[in-house]
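Participant: Got a file for you: work.cif, mmCIF, C-alpha atoms and all ligand atoms.
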data_structure
loop_
_atom_site.label_atom_id
_atom_site.label_comp_id
_atom_site.auth_asym_id
_atom_site.auth_seq_id
_atom_site.Cartn_x
_atom_site.Cartn_y
_atom_site.Cartn_z
CA MET A 23 60.60 65.27 114.99
CA THR A 24 57.71 63.27 116.43
CA GLU A 25 56.63 59.96 114.95
CA SER A 26 53.25 61.22 113.84
CA PHE A 27 54.93 63.91 111.75
CA SER A 28 55.31 61.59 108.80
CA GLY A 29 57.34 62.08 105.64
CA LYS A 30 54.20 62.46 103.62
CA ILE A 31 52.97 65.31 105.75
CA LYS A 32 56.38 66.89 105.60
CA ASP A 33 56.31 66.79 101.77
CA LYS A 34 52.91 68.42 101.80
CA LEU A 35 54.23 71.10 104.11
CA ILE A 36 57.26 71.79 102.02
CA ALA A 37 54.96 72.25 99.03
CA ALA A 38 52.78 74.59 101.07
CA LYS A 39 55.84 76.50 102.22
CA ARG A 40 57.08 76.93 98.70
CA LYS A 41 53.71 78.18 97.55
CA TRP A 42 53.62 80.54 100.52
CA ALA A 43 57.06 81.89 99.62
CA GLU A 44 56.02 82.35 96.00
CA ASP A 45 52.91 84.24 97.00
CA GLY A 46 55.10 86.44 99.19
CA ARG A 47 52.39 85.85 101.68
CA LEU A 48 52.84 88.21 104.56
CA MET A 49 49.68 88.98 106.35
CA THR A 50 48.69 92.58 106.63
CA GLY A 51 46.76 93.90 109.59
CA ALA A 52 43.74 92.12 110.97
CA PRO A 53 40.60 93.93 109.72
CA ASP A 54 40.01 95.73 113.02
CA THR A 55 43.33 97.56 112.73
CA GLU A 56 41.98 99.29 109.60
CA ARG A 57 38.95 100.79 111.32
CA ALA A 58 38.76 104.57 111.60
CA ASN A 59 37.98 104.09 115.29
CA ARG A 60 39.88 101.03 116.45
CA LEU A 61 38.79 101.21 120.06
CA PRO A 62 35.77 98.99 120.83
CA PRO A 63 33.07 100.40 123.15
CA GLY A 64 33.97 100.47 126.84
CA GLN A 65 37.71 99.98 126.22
CA ARG A 66 40.66 102.24 127.06
CA LEU A 67 43.97 102.25 125.28
CA VAL A 68 47.16 101.12 127.02
CA THR A 69 50.70 101.15 125.69
CA ASP A 70 52.24 98.61 128.08
CA TRP A 71 51.21 94.97 127.87
CA PRO A 72 49.49 93.79 131.06
CA VAL A 73 49.97 90.17 132.13
CA LEU A 74 46.76 88.36 133.04
CA ASP A 75 46.48 84.75 134.04
CA LEU A 76 45.57 82.51 136.95
CA GLY A 77 48.74 83.48 138.78
CA ILE A 78 50.66 80.39 137.78
CA THR A 79 53.34 80.71 135.13
CA PRO A 80 54.17 77.26 133.81
CA HIS A 81 57.78 76.94 132.78
CA VAL A 82 57.70 75.13 129.47
CA LEU A 83 60.99 74.87 127.65
CA ALA A 84 60.75 75.02 123.87
CA ASP A 85 62.77 71.78 123.73
CA ASP A 86 60.17 69.96 125.81
CA TYR A 87 57.15 71.63 124.30
CA GLN A 88 54.56 69.48 122.52
CA LEU A 89 51.24 70.48 121.01
CA GLU A 90 48.63 67.77 120.84
CA ILE A 91 45.81 68.13 118.32
CA ASN A 92 43.04 65.61 118.78
CA GLY A 93 39.29 64.96 118.73
CA GLN A 94 37.18 64.97 115.59
CA VAL A 95 40.05 64.95 113.10
CA ARG A 96 41.20 62.37 110.56
CA LYS A 97 44.84 62.70 111.56
CA PRO A 98 45.38 63.45 115.24
CA MET A 99 48.97 64.46 115.89
CA THR A 100 51.50 65.76 118.34
CA LEU A 101 53.91 68.42 117.14
CA SER A 102 57.15 69.39 118.81
CA PHE A 103 58.22 73.02 118.90
CA SER A 104 60.69 72.42 116.08
CA ASP A 105 57.90 70.78 114.02
CA LEU A 106 55.92 73.96 114.57
CA LEU A 107 58.82 76.19 113.55
CA ASP A 108 59.15 74.12 110.36
CA LEU A 109 55.58 74.91 109.36
CA PRO A 110 54.85 77.83 107.06
CA HIS A 111 54.44 80.89 109.24
CA VAL A 112 52.98 84.33 108.81
CA THR A 113 53.67 87.75 110.21
CA ALA A 114 50.47 89.29 111.48
CA LYS A 115 49.48 92.57 113.06
CA ASN A 116 46.51 92.98 115.36
CA ASP A 117 44.98 94.74 118.33
CA ILE A 118 44.38 93.10 121.71
CA HIS A 119 41.12 93.71 123.57
CA CYS A 120 40.91 92.41 127.12
CA VAL A 121 37.53 92.14 128.80
CA THR A 122 38.97 93.95 131.84
CA SER A 123 38.78 96.94 129.47
CA TRP A 124 42.31 97.55 128.23
CA SER A 125 43.17 97.44 124.54
CA ARG A 126 46.64 97.40 123.02
CA TYR A 127 47.19 98.34 119.38
CA GLU A 128 49.75 97.11 116.87
CA ASN A 129 50.99 93.77 118.09
CA HIS A 130 53.21 92.06 115.53
CA TRP A 131 53.26 88.30 115.78
CA GLN A 132 54.86 85.45 113.96
CA GLY A 133 53.24 82.09 114.04
CA VAL A 134 51.38 79.35 112.27
CA LEU A 135 47.91 80.03 110.92
CA SER A 136 45.15 77.94 112.46
CA LYS A 137 44.23 77.00 108.88
CA THR A 138 47.66 75.47 108.34
CA LEU A 139 47.19 73.24 111.39
CA ALA A 140 43.68 72.31 110.27
CA GLU A 141 45.03 71.26 106.87
CA LEU A 142 47.39 68.87 108.64
CA VAL A 143 44.92 67.23 111.00
CA ASP A 144 41.96 67.35 108.63
CA PRO A 145 38.89 68.02 110.84
CA LEU A 146 35.87 65.76 110.32
CA PRO A 147 32.60 67.33 109.17
CA ASP A 148 31.07 66.94 112.63
CA ALA A 149 33.78 69.07 114.29
CA ARG A 150 31.84 72.20 115.28
CA HIS A 151 33.85 73.49 118.24
CA VAL A 152 37.46 73.90 119.26
CA LEU A 153 38.59 73.50 122.86
CA PHE A 154 41.96 74.68 124.15
CA THR A 155 43.80 73.26 127.14
CA ALA A 156 46.86 75.01 128.55
CA HIS A 157 49.78 74.02 130.75
CA ASP A 158 48.42 75.97 133.73
CA GLY A 159 45.12 74.06 133.56
CA TYR A 160 43.34 76.96 131.85
CA THR A 161 40.75 76.06 129.23
CA THR A 162 38.72 78.09 126.72
CA ASN A 163 36.45 77.33 123.79
CA VAL A 164 35.43 78.79 120.41
CA ARG A 165 33.30 77.74 117.47
CA ILE A 166 35.27 76.13 114.67
CA GLU A 167 34.62 79.04 112.28
CA GLN A 168 36.06 81.42 114.90
CA PHE A 169 39.18 79.28 115.12
CA LEU A 170 39.55 78.90 111.36
CA ASP A 171 39.16 82.62 110.66
CA ASP A 172 41.92 84.01 108.39
CA ASP A 173 43.66 86.00 111.12
CA VAL A 174 43.91 83.32 113.83
CA LEU A 175 47.36 82.03 114.65
CA LEU A 176 49.47 79.99 117.02
CA ALA A 177 52.08 82.56 117.86
CA HIS A 178 55.69 81.86 118.81
CA HIS A 179 57.15 85.35 118.27
CA TRP A 180 56.04 88.83 119.28
CA GLU A 181 57.78 91.96 117.98
CA GLY A 182 60.52 89.83 116.48
CA GLU A 183 61.41 88.09 119.75
CA PRO A 184 60.43 84.65 121.00
CA LEU A 185 57.17 85.04 122.90
CA SER A 186 58.02 85.61 126.55
CA GLU A 187 57.05 83.11 129.20
CA GLU A 188 54.67 85.49 130.98
CA HIS A 189 52.73 86.09 127.76
CA GLY A 190 52.36 82.40 126.94
CA GLY A 191 55.65 81.29 125.39
CA PRO A 192 56.71 79.08 123.79
CA LEU A 193 53.33 79.04 122.02
CA ARG A 194 49.99 80.76 122.50
CA VAL A 195 46.76 81.09 120.59
CA VAL A 196 45.92 84.53 119.13
CA ILE A 197 42.30 85.12 118.09
CA PRO A 198 42.27 88.84 117.22
CA LYS A 199 38.51 89.31 116.73
CA LEU A 200 37.60 88.07 120.23
CA TYR A 201 38.27 89.28 123.76
CA PHE A 202 41.72 88.09 124.74
CA TRP A 203 40.61 85.46 127.29
CA LYS A 204 39.85 83.24 124.25
CA SER A 205 43.57 83.32 123.34
CA ALA A 206 45.07 80.55 125.46
CA LYS A 207 48.66 81.04 126.60
CA TRP A 208 50.99 78.00 126.90
CA VAL A 209 48.57 75.99 124.78
CA LYS A 210 49.06 72.27 125.23
CA LYS A 211 46.12 70.68 123.46
CA ILE A 212 43.70 71.71 120.73
CA THR A 213 40.61 69.50 120.58
CA PHE A 214 38.18 69.56 117.68
CA ALA A 215 34.82 68.58 119.17
CA ARG A 216 31.24 67.85 118.19
CA ASP A 217 29.90 69.57 121.26
CA ASP A 218 30.79 72.84 122.91
CA LYS A 219 32.35 72.83 126.34
CA PRO A 220 32.62 76.08 128.31
CA GLY A 221 36.14 76.86 129.44
CA PHE A 222 37.47 78.33 132.69
CA TRP A 223 36.00 81.83 132.36
CA GLU A 224 33.01 80.77 130.31
CA GLU A 225 31.94 78.58 133.24
CA ARG A 226 32.31 81.60 135.51
CA GLY A 227 29.96 83.88 133.62
CA TYR A 228 32.03 85.19 130.73
CA HIS A 229 30.17 85.35 127.43
CA ASN A 230 30.58 82.30 125.22
CA ASN A 231 31.01 84.34 122.03
CA ALA A 232 33.29 87.21 123.24
CA ASP A 233 32.90 89.80 120.45
CA PRO A 234 34.41 93.10 121.74
CA TRP A 235 32.51 95.22 119.21
CA THR A 236 29.14 94.19 120.65
CA GLU A 237 30.52 94.00 124.21
CA GLU A 238 29.85 90.32 124.70
CA ARG A 239 31.58 90.41 128.09
CA TYR A 240 29.38 88.50 130.51
CA GLU A 241 26.12 86.63 130.16
N1 LIG B 1 46.82 79.49 129.75
C1 LIG B 1 46.18 80.64 130.01
N2 LIG B 1 45.83 81.42 128.98
C2 LIG B 1 45.19 82.58 129.20
C3 LIG B 1 44.84 82.99 130.50
C4 LIG B 1 45.23 82.14 131.58
O1 LIG B 1 44.96 82.39 132.76
N3 LIG B 1 45.90 80.98 131.29
N4 LIG B 1 44.19 84.18 130.70
C5 LIG B 1 43.47 84.75 129.56
C6 LIG B 1 43.12 86.13 129.78
S1 LIG B 1 41.80 86.42 130.81
C7 LIG B 1 43.74 87.15 129.12
S2 LIG B 1 43.19 88.74 129.24
C8 LIG B 1 44.94 86.92 128.30
C9 LIG B 1 46.09 87.75 128.82
O2 LIG B 1 47.22 87.56 128.03
P1 LIG B 1 48.53 88.37 128.40
O3 LIG B 1 48.90 88.00 129.81
O4 LIG B 1 49.55 87.97 127.40
O5 LIG B 1 48.16 89.82 128.30
O6 LIG B 1 45.34 85.55 128.31
C10 LIG B 1 44.28 84.63 128.27
N5 LIG B 1 44.86 83.33 128.13
MO MO B 2 41.27 88.74 130.50
#
I'd like the structure from this file rewritten - as structure tokens, please.
Ligand SMILES: Nc1nc2c(c(=O)[nH]1)N[C@H]1C(S)=C(S)[C@@H](COP(=O)(O)O)O[C@H]1N2
Ligand SMILES: [Mo]
Facilitator:
Amino acid sequence: MTESFSGKIKDKLIAAKRKWAEDGRLMTGAPDTERANRLPPGQRLVTDWPVLDLGITPHVLADDYQLEINGQVRKPMTLSFSDLLDLPHVTAKNDIHCVTSWSRYENHWQGVLSKTLAELVDPLPDARHVLFTAHDGYTTNVRIEQFLDDDVLLAHHWEGEPLSEEHGGPLRVVIPKLYFWKSAKWVKKITFARDDKPGFWEERGYHNNADPWTEERYE
């Protein structure tokens, strides 16, 4: 347990966990999985799960893993992997849409909702953007409302197994409504910011907003 993970916060979390258990709160599918036609324009369906990254797979052991949350928040903190596992988690189902035109249906994740993390760190009113930094040096950016959407999670399990290293384990971001490059693997730092800052692909011509349904691929 890290120092910043104070007893007070822990009490708050236990209360949240209890409430979550009482609600029987298991997430159902992300809204896109309920569409009659789930395949966004210009996409083709795959059944395997391609690996896409910068060609570097950082080896981050769960025991050494730390997630830093900083920037425009009242309570910046660093969570260990076991802190993260102690947080209330959800089971979520969603579809993956990669800008390179493959889509993969029915991914079942377990993880912590972005909203749960936001409750802990308490973003300031001037936090408008969220910037992700990963262990391979990759960065990406979203607007705060995209990050705090109901179906966004920090995933540590996929199909009941710990998330594999090649797909971003021990922990990755999952933002179901956006092209998958916005979902940082091996996430190391989440920064709440006043100003936007284009990430790795955004600087190289990828669209800042990344909505697959309106094909916001490049701009
Ligand atoms: N840390 C990190 N996260 C990343 C990337 C990366 O290179 N590094 N690539 C992005 C891109 S372009 C895609 S399509 C997805 C691929 O995730 P997957 O390999 O699990 O399919 O991860 C995204 N997140
Ligand atoms: Mo991608």
Participant: At what distance in Å, to one decimal, does CA of Asp171 in chain A lie from CA of Ala156 in chain A?
Facilitator: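 It comes out at 20.9 Å.
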Participant: Enumerate residues in contact with ligand MO 2 (chain B): an atom-to-atom distance of at most 6 Å, counting only C-alpha atoms and all ligand atoms. Format the result as a ChimeraX atom specification.
Facilitator: /A:120-122,202-203
Participant: Emit the selected residues as an mmCIF file, keeping the file's coordinate frame, including C-alpha atoms.
Facilitator:
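Just written: part14.cif:
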data_model
loop_
_atom_site.group_PDB
_atom_site.id
_atom_site.type_symbol
_atom_site.label_atom_id
_atom_site.label_comp_id
_atom_site.auth_asym_id
_atom_site.auth_seq_id
_atom_site.Cartn_x
_atom_site.Cartn_y
_atom_site.Cartn_z
ATOM 1 C CA CYS A 120 40.910 92.410 127.120
ATOM 2 C CA VAL A 121 37.530 92.140 128.800
ATOM 3 C CA THR A 122 38.970 93.950 131.840
ATOM 4 C CA PHE A 202 41.720 88.090 124.740
ATOM 5 C CA TRP A 203 40.610 85.460 127.290
#
Participant: Pick the closest to Ala52 in chain A from A:Val152, A:Leu185, A:Leu176, A:Ile118: which is it, counting all atoms listed in the file?
Facilitator: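 Closest to Ala52 in chain A of all the choices is A:Ile118.
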Participant: Point out the residue among A:Thr161, A:Thr138, A:Gln94, A:Asn59 with the least atom-to-atom distance to ligand LIG 1 (chain B), counting all atoms listed in the file.
Facilitator: A:Thr161
Participant: Which is closest to ligand LIG 1 (chain B) among A:Glu238, A:Asp233, A:Glu188, A:Glu181, if we use all atoms listed in the file?
Facilitator: A:Glu188
Participant: Might you pull out every residue within 12 Å of Ala114 in chain A, with all atoms listed in the file counted and same-chain residues fewer than 3 positions away left off, and present them as a PyMOL selection string?
Facilitator: chain A and resi 47-53+55+111+117+128-135+172-182+196-198
Participant: Here is a test: counting only C-alpha atoms, which residue of A:Ile166, A:Leu200, A:Leu109, A:Ile212 is nearest to Asp148 in chain A?
Facilitator: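 With only C-alpha atoms as the atom set, the closest residue is A:Ile166.
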Participant: So which residues touch Arg66 in chain A within 10 Å, counting only C-alpha atoms, skipping near sequence neighbours fewer than 6 positions away, as a PyMOL selection string?
Facilitator: chain A and resi 119-120+122-126
Participant: Tell me which of A:Val112, A:Leu74, A:Ala58, A:Leu146 sits closest to ligand LIG 1 (chain B), counting only C-alpha atoms and all ligand atoms.
Facilitator: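 Looking only at the distances to ligand LIG 1 (chain B), the closest residue turns out to be A:Leu74.
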Participant: Identify which of the residues A:Asn92, A:Ser104, A:Ser186, A:Thr113 lies closest to Val73 in chain A, counting all atoms listed in the file when measuring atom-to-atom distances.
Facilitator: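 Looking only at the distances to Val73 in chain A, the closest residue turns out to be A:Ser186.
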Participant: Would you pick out the contacts of Lys204 in chain A at 10 Å or less, using all atoms listed in the file, so that residues sharing its chain but fewer than 6 positions from it are not included, and give the list as a list in words?
Facilitator: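 Contacts, in chain order: Cys120, Leu153, Phe154, Thr161, Thr162, Asn163, Val164, Phe169, Val195, Val196, Ile197, Pro198, Gly221, Trp223, Glu224, Asn230, Asn231 and Ala232 of chain A.
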Participant: Just how far from CA of His157 in chain A is CA of Asp218 in chain A, in Å to one decimal?
Facilitator: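 Computed distance, CA of Asp218 in chain A to CA of His157 in chain A, equals 20.6 Å.
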Participant: Would you mind listing what lies within 10 Å of Asp85 in chain A as JSON, numbers by chain, with all atoms listed in the file counted and same-chain residues fewer than 4 positions away left out?
Facilitator: {"A": [102, 103, 104, 192]}
Participant: Quick one: everything within 9 Å of Gly227 in chain A, counting all atoms listed in the file, minus sequence neighbours fewer than 6 positions away in the same chain. Send it as a ChimeraX atom specification.
Facilitator: /A:239-241
Participant: Put those residues in a file: C-alpha atoms, as a compact mmCIF listing (two decimals), in the frame of the given file.
Facilitator:
# COMPACT_ATOMS: atom_id res chain seq x y z
CA ARG A 239 31.58 90.41 128.09
CA TYR A 240 29.38 88.50 130.51
CA GLU A 241 26.12 86.63 130.16
Participant: In Å, with one decimal, what is the gap from CA of Arg96 in chain A to CA of Ala84 in chain A?
Facilitator: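 Going from CA of Arg96 in chain A over to CA of Ala84 in chain A, I get 26.8 Å.
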Participant: With all atoms listed in the file counted, which protein, DNA or RNA residues have an atom no more than 7 Å from (35.2, 95.0, 121.0) in the file frame? Please answer as an MDAnalysis selection string.
Facilitator: chainID A and resid 62:63 119 233:237
